[in-house]
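Novice: For reference, the structure I am asking about is given below.
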Amino acid sequence: MRNSLFLGHLLALFSVLVWGSTFSATKVLLEDFDAIEILFIRFFIAYWFLFALHFRGIKWGGWGLEMLFAGAGLSGACLYFLLENIALNYTSASNASLLVAISPLFTALLSAFFLKKKIGKYFFIGAILAFVGVGFVVFRGEFSFHLNAFGDMLCICAGLVWSVYTILMGKIFIACESQNALSITRKVFFYGLTFTLPLLLLHFYMGDGDLSRVWGGLQNPNNLLMFAFLGFLASALCYVSWNGALKYLGLIKASAYIYSVPVIGVIVAVLSLGESLNIFIVIGGFLVMKGLFLSQK
(Lines give C-alpha, C1' and ligand atoms only; values in the text may rest on other atoms or scores of the structure.)
Protein backbone atom coordinates (compact mmCIF):
# COMPACT_ATOMS: atom_id res chain seq x y z
CA MET A 1 0.00 0.00 0.00
CA ARG A 2 2.81 2.39 0.95
CA ASN A 3 4.67 1.57 -2.28
CA SER A 4 1.51 2.20 -4.32
CA LEU A 5 1.02 5.62 -2.70
CA PHE A 6 4.67 6.52 -3.33
CA LEU A 7 4.34 5.46 -6.98
CA GLY A 8 1.12 7.47 -7.31
CA HIS A 9 2.77 10.64 -5.98
CA LEU A 10 5.76 10.04 -8.24
CA LEU A 11 3.57 9.67 -11.33
CA ALA A 12 1.51 12.75 -10.45
CA LEU A 13 4.66 14.82 -9.88
CA PHE A 14 6.12 13.65 -13.21
CA SER A 15 2.91 14.63 -15.02
CA VAL A 16 2.66 18.16 -13.64
CA LEU A 17 6.38 18.83 -14.10
CA VAL A 18 6.07 17.95 -17.79
CA TRP A 19 2.79 19.82 -18.32
CA GLY A 20 4.13 22.91 -16.57
CA SER A 21 7.15 22.94 -18.89
CA THR A 22 5.19 22.71 -22.17
CA PHE A 23 4.63 26.48 -22.39
CA SER A 24 8.36 27.19 -22.41
CA ALA A 25 9.03 24.37 -24.89
CA THR A 26 6.43 25.78 -27.29
CA LYS A 27 7.86 29.28 -26.85
CA VAL A 28 11.26 27.95 -27.98
CA LEU A 29 9.76 26.26 -31.08
CA LEU A 30 7.95 29.45 -32.11
CA GLU A 31 11.32 30.92 -33.05
CA ASP A 32 11.51 28.54 -36.06
CA PHE A 33 7.93 27.34 -36.59
CA ASP A 34 4.45 28.82 -36.85
CA ALA A 35 1.74 27.88 -34.34
CA ILE A 36 -0.18 25.57 -36.71
CA GLU A 37 3.04 23.76 -37.71
CA ILE A 38 3.94 23.05 -34.09
CA LEU A 39 0.42 21.80 -33.41
CA PHE A 40 0.38 19.36 -36.32
CA ILE A 41 3.88 17.93 -35.72
CA ARG A 42 3.25 17.55 -31.99
CA PHE A 43 0.04 15.56 -32.36
CA PHE A 44 1.27 13.59 -35.36
CA ILE A 45 4.05 12.26 -33.09
CA ALA A 46 1.62 11.64 -30.21
CA TYR A 47 -0.95 9.84 -32.38
CA TRP A 48 1.50 7.30 -33.81
CA PHE A 49 3.18 6.80 -30.46
CA LEU A 50 -0.19 5.96 -28.87
CA PHE A 51 -0.89 3.67 -31.82
CA ALA A 52 2.34 1.81 -31.05
CA LEU A 53 1.38 1.52 -27.38
CA HIS A 54 -2.11 0.19 -28.13
CA PHE A 55 -3.08 -0.41 -31.75
CA ARG A 56 -6.67 -1.61 -31.20
CA GLY A 57 -9.33 0.95 -32.01
CA ILE A 58 -12.65 1.94 -30.44
CA LYS A 59 -15.74 -0.11 -31.15
CA TRP A 60 -18.36 1.72 -33.20
CA GLY A 61 -20.87 3.36 -30.86
CA GLY A 62 -23.10 5.24 -33.28
CA TRP A 63 -23.01 8.67 -34.88
CA GLY A 64 -23.83 10.41 -31.61
CA LEU A 65 -20.67 9.09 -29.97
CA GLU A 66 -18.68 9.85 -33.11
CA MET A 67 -19.80 13.48 -32.96
CA LEU A 68 -18.62 13.64 -29.34
CA PHE A 69 -15.19 12.41 -30.42
CA ALA A 70 -15.13 14.92 -33.28
CA GLY A 71 -16.08 17.74 -30.90
CA ALA A 72 -13.41 16.68 -28.41
CA GLY A 73 -10.80 16.52 -31.16
CA LEU A 74 -11.79 19.95 -32.48
CA SER A 75 -11.83 21.64 -29.08
CA GLY A 76 -9.14 19.86 -27.04
CA ALA A 77 -6.67 18.66 -29.66
CA CYS A 78 -6.99 21.45 -32.22
CA LEU A 79 -8.43 24.80 -31.10
CA TYR A 80 -7.05 24.76 -27.55
CA PHE A 81 -3.45 24.22 -28.58
CA LEU A 82 -3.76 26.43 -31.65
CA LEU A 83 -4.99 29.33 -29.52
CA GLU A 84 -2.30 28.67 -26.93
CA ASN A 85 0.45 28.47 -29.55
CA ILE A 86 -0.69 31.69 -31.25
CA ALA A 87 -0.96 33.41 -27.86
CA LEU A 88 2.66 32.58 -27.06
CA ASN A 89 3.69 34.75 -30.01
CA TYR A 90 2.38 37.77 -28.10
CA THR A 91 2.65 36.94 -24.41
CA SER A 92 5.08 35.22 -22.08
CA ALA A 93 5.13 31.55 -21.14
CA SER A 94 4.60 32.66 -17.52
CA ASN A 95 1.38 34.48 -18.36
CA ALA A 96 0.10 31.65 -20.54
CA SER A 97 0.64 29.03 -17.82
CA LEU A 98 -1.28 31.15 -15.32
CA LEU A 99 -4.17 32.19 -17.54
CA VAL A 100 -5.10 28.89 -19.17
CA ALA A 101 -5.29 27.44 -15.63
CA ILE A 102 -8.65 29.14 -15.08
CA SER A 103 -10.37 26.57 -17.30
CA PRO A 104 -11.94 24.76 -14.26
CA LEU A 105 -14.01 27.89 -13.63
CA PHE A 106 -15.34 27.85 -17.18
CA THR A 107 -16.00 24.10 -16.87
CA ALA A 108 -18.09 24.65 -13.75
CA LEU A 109 -20.05 27.49 -15.38
CA LEU A 110 -20.74 25.50 -18.55
CA SER A 111 -21.72 22.45 -16.48
CA ALA A 112 -24.14 24.56 -14.45
CA PHE A 113 -25.66 26.08 -17.59
CA PHE A 114 -25.88 23.04 -19.88
CA LEU A 115 -25.85 20.09 -17.46
CA LYS A 116 -27.75 21.79 -14.62
CA LYS A 117 -24.97 21.07 -12.13
CA LYS A 118 -25.26 22.91 -8.82
CA ILE A 119 -22.46 25.26 -7.78
CA GLY A 120 -22.06 26.65 -4.27
CA LYS A 121 -20.95 29.90 -2.67
CA TYR A 122 -17.28 28.89 -2.59
CA PHE A 123 -17.28 28.70 -6.37
CA PHE A 124 -18.44 32.31 -6.70
CA ILE A 125 -15.94 33.58 -4.12
CA GLY A 126 -13.16 31.68 -5.84
CA ALA A 127 -14.24 32.85 -9.30
CA ILE A 128 -14.15 36.51 -8.22
CA LEU A 129 -10.65 36.08 -6.74
CA ALA A 130 -9.40 34.27 -9.84
CA PHE A 131 -10.75 36.85 -12.29
CA VAL A 132 -9.31 39.71 -10.24
CA GLY A 133 -6.01 37.83 -10.45
CA VAL A 134 -6.43 37.55 -14.22
CA GLY A 135 -6.84 41.33 -14.38
CA PHE A 136 -3.54 41.79 -12.51
CA VAL A 137 -1.71 39.42 -14.86
CA VAL A 138 -3.17 40.83 -18.09
CA PHE A 139 -2.99 44.58 -17.46
CA ARG A 140 -0.11 44.84 -14.92
CA GLY A 141 -1.47 48.10 -13.58
CA GLU A 142 -1.40 49.80 -17.00
CA PHE A 143 -5.11 49.41 -17.87
CA SER A 144 -4.36 49.68 -21.58
CA PHE A 145 -4.76 47.11 -24.34
CA HIS A 146 -1.51 46.03 -26.03
CA LEU A 147 -0.10 43.01 -27.87
CA ASN A 148 0.77 41.28 -24.62
CA ALA A 149 -2.83 41.72 -23.49
CA PHE A 150 -4.03 40.32 -26.85
CA GLY A 151 -1.98 37.18 -26.23
CA ASP A 152 -3.34 36.95 -22.68
CA MET A 153 -6.91 37.15 -24.00
CA LEU A 154 -6.17 34.29 -26.39
CA CYS A 155 -4.97 32.25 -23.40
CA ILE A 156 -8.27 32.89 -21.62
CA CYS A 157 -10.13 31.79 -24.78
CA ALA A 158 -7.99 28.65 -24.79
CA GLY A 159 -9.09 27.98 -21.22
CA LEU A 160 -12.72 28.31 -22.28
CA VAL A 161 -12.21 25.90 -25.18
CA TRP A 162 -10.54 23.40 -22.85
CA SER A 163 -13.59 23.47 -20.58
CA VAL A 164 -15.75 22.45 -23.56
CA TYR A 165 -13.32 19.61 -24.23
CA THR A 166 -13.49 18.53 -20.55
CA ILE A 167 -17.28 18.27 -20.63
CA LEU A 168 -17.24 16.33 -23.91
CA MET A 169 -14.62 13.92 -22.57
CA GLY A 170 -16.75 13.32 -19.49
CA LYS A 171 -19.56 12.15 -21.77
CA ILE A 172 -17.16 10.05 -23.85
CA PHE A 173 -15.70 8.22 -20.85
CA ILE A 174 -19.21 7.39 -19.62
CA ALA A 175 -20.21 6.05 -23.04
CA CYS A 176 -16.90 4.16 -23.49
CA GLU A 177 -16.52 2.87 -19.94
CA SER A 178 -15.39 -0.57 -21.12
CA GLN A 179 -13.00 0.77 -23.78
CA ASN A 180 -9.24 1.18 -23.43
CA ALA A 181 -8.28 4.72 -22.33
CA LEU A 182 -5.31 4.85 -24.74
CA SER A 183 -7.58 4.05 -27.68
CA ILE A 184 -10.00 6.78 -26.59
CA THR A 185 -7.19 9.34 -26.44
CA ARG A 186 -5.79 8.25 -29.80
CA LYS A 187 -9.19 8.67 -31.43
CA VAL A 188 -9.46 12.20 -30.02
CA PHE A 189 -5.99 12.93 -31.42
CA PHE A 190 -7.10 11.49 -34.79
CA TYR A 191 -9.93 14.00 -35.00
CA GLY A 192 -7.60 16.73 -33.79
CA LEU A 193 -5.26 15.98 -36.68
CA THR A 194 -8.21 15.75 -39.07
CA PHE A 195 -9.30 19.29 -38.18
CA THR A 196 -5.74 20.61 -38.08
CA LEU A 197 -4.71 19.31 -41.53
CA PRO A 198 -7.00 21.66 -43.57
CA LEU A 199 -5.75 24.62 -41.52
CA LEU A 200 -2.16 23.54 -42.16
CA LEU A 201 -2.77 23.21 -45.92
CA LEU A 202 -4.48 26.61 -45.99
CA HIS A 203 -1.52 28.03 -44.08
CA PHE A 204 0.87 26.91 -46.83
CA TYR A 205 -1.56 27.75 -49.66
CA MET A 206 -1.84 31.35 -48.45
CA GLY A 207 1.94 31.62 -48.52
CA ASP A 208 2.35 31.91 -44.74
CA GLY A 209 4.22 28.63 -44.54
CA ASP A 210 7.59 27.68 -45.98
CA LEU A 211 8.48 23.97 -46.29
CA SER A 212 12.18 24.70 -46.60
CA ARG A 213 12.05 26.71 -43.34
CA VAL A 214 10.16 23.88 -41.60
CA TRP A 215 12.64 21.30 -42.87
CA GLY A 216 15.54 23.45 -41.77
CA GLY A 217 13.99 23.86 -38.34
CA LEU A 218 13.56 20.09 -38.00
CA GLN A 219 17.30 19.62 -38.55
CA ASN A 220 18.00 21.63 -35.40
CA PRO A 221 18.66 19.10 -32.57
CA ASN A 222 17.16 21.45 -29.98
CA ASN A 223 13.90 21.68 -31.95
CA LEU A 224 13.77 17.90 -32.31
CA LEU A 225 14.22 17.60 -28.56
CA MET A 226 11.34 20.03 -27.94
CA PHE A 227 9.05 18.14 -30.35
CA ALA A 228 9.96 14.83 -28.73
CA PHE A 229 9.18 16.38 -25.34
CA LEU A 230 5.80 17.72 -26.48
CA GLY A 231 4.82 14.68 -28.56
CA PHE A 232 6.10 11.69 -26.60
CA LEU A 233 6.08 13.02 -23.05
CA ALA A 234 3.48 15.80 -22.75
CA SER A 235 0.88 14.48 -25.21
CA ALA A 236 1.22 10.70 -24.82
CA LEU A 237 3.19 9.36 -21.84
CA CYS A 238 1.79 11.93 -19.41
CA TYR A 239 -1.69 10.64 -20.13
CA VAL A 240 -0.54 7.18 -19.04
CA SER A 241 1.26 8.51 -15.96
CA TRP A 242 -1.71 10.67 -14.94
CA ASN A 243 -4.08 7.70 -15.19
CA GLY A 244 -1.68 5.81 -12.95
CA ALA A 245 -1.70 8.65 -10.44
CA LEU A 246 -5.51 8.64 -10.41
CA LYS A 247 -5.48 4.87 -9.85
CA TYR A 248 -3.06 4.89 -6.90
CA LEU A 249 -3.99 8.21 -5.24
CA GLY A 250 -7.64 8.67 -6.11
CA LEU A 251 -9.27 11.67 -7.80
CA ILE A 252 -9.05 14.12 -4.87
CA LYS A 253 -5.37 13.64 -3.97
CA ALA A 254 -4.23 13.48 -7.59
CA SER A 255 -6.23 16.54 -8.66
CA ALA A 256 -4.50 18.64 -6.01
CA TYR A 257 -1.32 18.35 -8.09
CA ILE A 258 -2.99 20.19 -10.99
CA TYR A 259 -2.80 23.45 -9.04
CA SER A 260 0.99 23.30 -9.25
CA VAL A 261 1.05 23.30 -13.09
CA PRO A 262 0.92 27.11 -13.53
CA VAL A 263 3.42 27.60 -10.69
CA ILE A 264 5.82 25.17 -12.39
CA GLY A 265 5.12 26.92 -15.70
CA VAL A 266 6.20 30.28 -14.29
CA ILE A 267 9.32 28.86 -12.60
CA VAL A 268 10.43 27.02 -15.76
CA ALA A 269 9.84 30.13 -17.90
CA VAL A 270 11.90 32.30 -15.55
CA LEU A 271 14.76 29.78 -15.32
CA SER A 272 14.90 28.54 -18.92
CA LEU A 273 13.75 31.59 -20.91
CA GLY A 274 14.89 34.35 -18.57
CA GLU A 275 11.37 35.82 -18.34
CA SER A 276 10.99 38.52 -15.73
CA LEU A 277 8.32 38.80 -13.05
CA ASN A 278 6.80 41.92 -11.55
CA ILE A 279 4.61 42.47 -8.53
CA PHE A 280 1.39 42.45 -10.61
CA ILE A 281 2.12 38.99 -12.05
CA VAL A 282 3.04 37.62 -8.62
CA ILE A 283 -0.11 39.01 -6.96
CA GLY A 284 -2.27 37.97 -9.92
CA GLY A 285 -0.82 34.46 -9.93
CA PHE A 286 -1.49 34.08 -6.21
CA LEU A 287 -5.11 35.27 -6.60
CA VAL A 288 -5.71 32.92 -9.55
CA MET A 289 -4.39 29.92 -7.61
CA LYS A 290 -6.27 30.84 -4.44
CA GLY A 291 -9.46 31.40 -6.42
CA LEU A 292 -9.16 28.06 -8.23
CA PHE A 293 -8.55 26.24 -4.94
CA LEU A 294 -11.57 27.88 -3.29
CA SER A 295 -13.85 27.30 -6.28
CA GLN A 296 -13.24 23.54 -6.07
CA LYS A 297 -13.97 23.37 -2.32
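Quick note on naming: the chains in the C-alpha coordinates go A, B, ... in the order shown, residues restart at 1 in each chain, and ligands are numbered from 1 in order of appearance.
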What lies within 7 Å of Ile102 of chain A using only C-alpha atoms, ignoring chain neighbours under 2 positions off, as JSON, numbers by chain?

Specialist: {"A": [99, 100, 104, 105, 159, 292]}

Novice: Going by DSSP on the backbone, which bits of segment 136-295 of chain A are helix (DSSP H, G or I)? Write them as a PyMOL selection string, please.

Specialist: chain A and resi 136-139+147-175+181-205+211-218+221-249+251-273+279-295

Novice: What's the 9 Å shell around Met226 of chain A, counting only C-alpha atoms, without same-chain residues fewer than 2 positions away, as a ChimeraX atom specification?

Specialist: /A:22,25-26,28-29,221-224,228-231

Novice: Considering only C-alpha atoms, state which residue in the set A:Asn95, A:Ser75, A:Ser4, A:Ser15 is at the smallest distance from Met169 of chain A.

Specialist: A:Ser75

Novice: With a distance cut-off of 10 Å and only C-alpha atoms, select the neighbouring residues of Val282 of chain A, excluding the residue or stretch itself and same-chain residues fewer than 3 positions from it, and output the selection as a PyMOL selection string.

Specialist: chain A and resi 133+136-137+266+277-279+285-288

Novice: Convert the current residue selection to file output with all heavy atoms, as a PDB file, in the first residue's frame.

Specialist:
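Full text of selection_0.pdb as output:
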ATOM      1  N   GLY A 133      -7.387  38.215 -10.180  1.00  0.00           N
ATOM      2  CA  GLY A 133      -6.008  37.834 -10.451  1.00  0.00           C
ATOM      3  C   GLY A 133      -5.677  37.891 -11.927  1.00  0.00           C
ATOM      4  O   GLY A 133      -4.590  38.343 -12.320  1.00  0.00           O
ATOM      5  N   PHE A 136      -4.899  41.397 -12.891  1.00  0.00           N
ATOM      6  CA  PHE A 136      -3.543  41.792 -12.509  1.00  0.00           C
ATOM      7  C   PHE A 136      -2.518  41.289 -13.526  1.00  0.00           C
ATOM      8  O   PHE A 136      -1.605  42.017 -13.915  1.00  0.00           O
ATOM      9  CB  PHE A 136      -3.196  41.232 -11.118  1.00  0.00           C
ATOM     10  CG  PHE A 136      -3.597  42.130  -9.982  1.00  0.00           C
ATOM     11  CD1 PHE A 136      -4.859  42.049  -9.422  1.00  0.00           C
ATOM     12  CD2 PHE A 136      -2.702  43.060  -9.470  1.00  0.00           C
ATOM     13  CE1 PHE A 136      -5.238  42.869  -8.379  1.00  0.00           C
ATOM     14  CE2 PHE A 136      -3.059  43.889  -8.413  1.00  0.00           C
ATOM     15  CZ  PHE A 136      -4.337  43.800  -7.870  1.00  0.00           C
ATOM     16  N   VAL A 137      -2.678  40.018 -13.942  1.00  0.00           N
ATOM     17  CA  VAL A 137      -1.714  39.418 -14.863  1.00  0.00           C
ATOM     18  C   VAL A 137      -1.776  40.072 -16.241  1.00  0.00           C
ATOM     19  O   VAL A 137      -0.752  40.377 -16.856  1.00  0.00           O
ATOM     20  CB  VAL A 137      -1.961  37.896 -14.988  1.00  0.00           C
ATOM     21  CG1 VAL A 137      -1.058  37.289 -16.061  1.00  0.00           C
ATOM     22  CG2 VAL A 137      -1.710  37.205 -13.650  1.00  0.00           C
ATOM     23  N   VAL A 266       5.538  28.989 -14.523  1.00  0.00           N
ATOM     24  CA  VAL A 266       6.196  30.278 -14.288  1.00  0.00           C
ATOM     25  C   VAL A 266       7.666  30.065 -13.932  1.00  0.00           C
ATOM     26  O   VAL A 266       8.554  30.749 -14.450  1.00  0.00           O
ATOM     27  CB  VAL A 266       5.480  31.050 -13.162  1.00  0.00           C
ATOM     28  CG1 VAL A 266       6.288  32.280 -12.765  1.00  0.00           C
ATOM     29  CG2 VAL A 266       4.083  31.467 -13.608  1.00  0.00           C
ATOM     30  N   LEU A 277       9.582  38.696 -13.793  1.00  0.00           N
ATOM     31  CA  LEU A 277       8.323  38.804 -13.054  1.00  0.00           C
ATOM     32  C   LEU A 277       8.232  40.181 -12.428  1.00  0.00           C
ATOM     33  O   LEU A 277       9.237  40.789 -12.081  1.00  0.00           O
ATOM     34  CB  LEU A 277       8.256  37.747 -11.948  1.00  0.00           C
ATOM     35  CG  LEU A 277       8.230  36.279 -12.380  1.00  0.00           C
ATOM     36  CD1 LEU A 277       8.244  35.383 -11.145  1.00  0.00           C
ATOM     37  CD2 LEU A 277       7.005  35.989 -13.216  1.00  0.00           C
ATOM     38  N   ASN A 278       6.996  40.689 -12.310  1.00  0.00           N
ATOM     39  CA  ASN A 278       6.798  41.918 -11.547  1.00  0.00           C
ATOM     40  C   ASN A 278       5.732  41.673 -10.498  1.00  0.00           C
ATOM     41  O   ASN A 278       5.122  40.601 -10.444  1.00  0.00           O
ATOM     42  CB  ASN A 278       6.429  43.094 -12.464  1.00  0.00           C
ATOM     43  CG  ASN A 278       5.150  42.848 -13.242  1.00  0.00           C
ATOM     44  OD1 ASN A 278       4.208  42.234 -12.739  1.00  0.00           O
ATOM     45  ND2 ASN A 278       5.106  43.308 -14.480  1.00  0.00           N
ATOM     46  N   ILE A 279       5.502  42.645  -9.668  1.00  0.00           N
ATOM     47  CA  ILE A 279       4.606  42.474  -8.532  1.00  0.00           C
ATOM     48  C   ILE A 279       3.179  42.160  -8.969  1.00  0.00           C
ATOM     49  O   ILE A 279       2.459  41.409  -8.310  1.00  0.00           O
ATOM     50  CB  ILE A 279       4.628  43.737  -7.624  1.00  0.00           C
ATOM     51  CG1 ILE A 279       3.872  43.488  -6.325  1.00  0.00           C
ATOM     52  CG2 ILE A 279       4.080  44.945  -8.367  1.00  0.00           C
ATOM     53  CD1 ILE A 279       4.465  42.395  -5.462  1.00  0.00           C
ATOM     54  N   GLY A 285      -0.987  35.911  -9.977  1.00  0.00           N
ATOM     55  CA  GLY A 285      -0.824  34.458  -9.934  1.00  0.00           C
ATOM     56  C   GLY A 285      -1.324  33.869  -8.626  1.00  0.00           C
ATOM     57  O   GLY A 285      -1.990  32.833  -8.607  1.00  0.00           O
ATOM     58  N   PHE A 286      -1.025  34.548  -7.517  1.00  0.00           N
ATOM     59  CA  PHE A 286      -1.494  34.082  -6.210  1.00  0.00           C
ATOM     60  C   PHE A 286      -3.025  34.095  -6.147  1.00  0.00           C
ATOM     61  O   PHE A 286      -3.642  33.135  -5.666  1.00  0.00           O
ATOM     62  CB  PHE A 286      -0.923  34.967  -5.101  1.00  0.00           C
ATOM     63  CG  PHE A 286      -1.488  34.654  -3.739  1.00  0.00           C
ATOM     64  CD1 PHE A 286      -1.039  33.559  -3.025  1.00  0.00           C
ATOM     65  CD2 PHE A 286      -2.489  35.450  -3.192  1.00  0.00           C
ATOM     66  CE1 PHE A 286      -1.575  33.260  -1.779  1.00  0.00           C
ATOM     67  CE2 PHE A 286      -3.036  35.168  -1.952  1.00  0.00           C
ATOM     68  CZ  PHE A 286      -2.573  34.063  -1.238  1.00  0.00           C
ATOM     69  N   LEU A 287      -3.649  35.178  -6.632  1.00  0.00           N
ATOM     70  CA  LEU A 287      -5.107  35.271  -6.601  1.00  0.00           C
ATOM     71  C   LEU A 287      -5.765  34.218  -7.498  1.00  0.00           C
ATOM     72  O   LEU A 287      -6.795  33.637  -7.126  1.00  0.00           O
ATOM     73  CB  LEU A 287      -5.553  36.672  -7.038  1.00  0.00           C
ATOM     74  CG  LEU A 287      -5.250  37.810  -6.062  1.00  0.00           C
ATOM     75  CD1 LEU A 287      -5.620  39.153  -6.674  1.00  0.00           C
ATOM     76  CD2 LEU A 287      -6.006  37.605  -4.747  1.00  0.00           C
ATOM     77  N   VAL A 288      -5.167  33.955  -8.664  1.00  0.00           N
ATOM     78  CA  VAL A 288      -5.708  32.923  -9.555  1.00  0.00           C
ATOM     79  C   VAL A 288      -5.668  31.562  -8.869  1.00  0.00           C
ATOM     80  O   VAL A 288      -6.655  30.822  -8.864  1.00  0.00           O
ATOM     81  CB  VAL A 288      -4.922  32.883 -10.886  1.00  0.00           C
ATOM     82  CG1 VAL A 288      -5.288  31.626 -11.688  1.00  0.00           C
ATOM     83  CG2 VAL A 288      -5.224  34.118 -11.721  1.00  0.00           C
TER      84      VAL A 288
END

Novice: From the set A:Gly170, A:Gly244, A:Val261, A:Ser272, which residue has the shortest atom-to-atom contact distance to Leu7 of chain A, counting only C-alpha atoms?

Specialist: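 The closest residue to Leu7 of chain A is A:Gly244.
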
Novice: Please report the interatomic distance between atom CA of Gly207 of chain A and atom CA of Ala35 of chain A in Å with one decimal.

Specialist: 14.7 Å
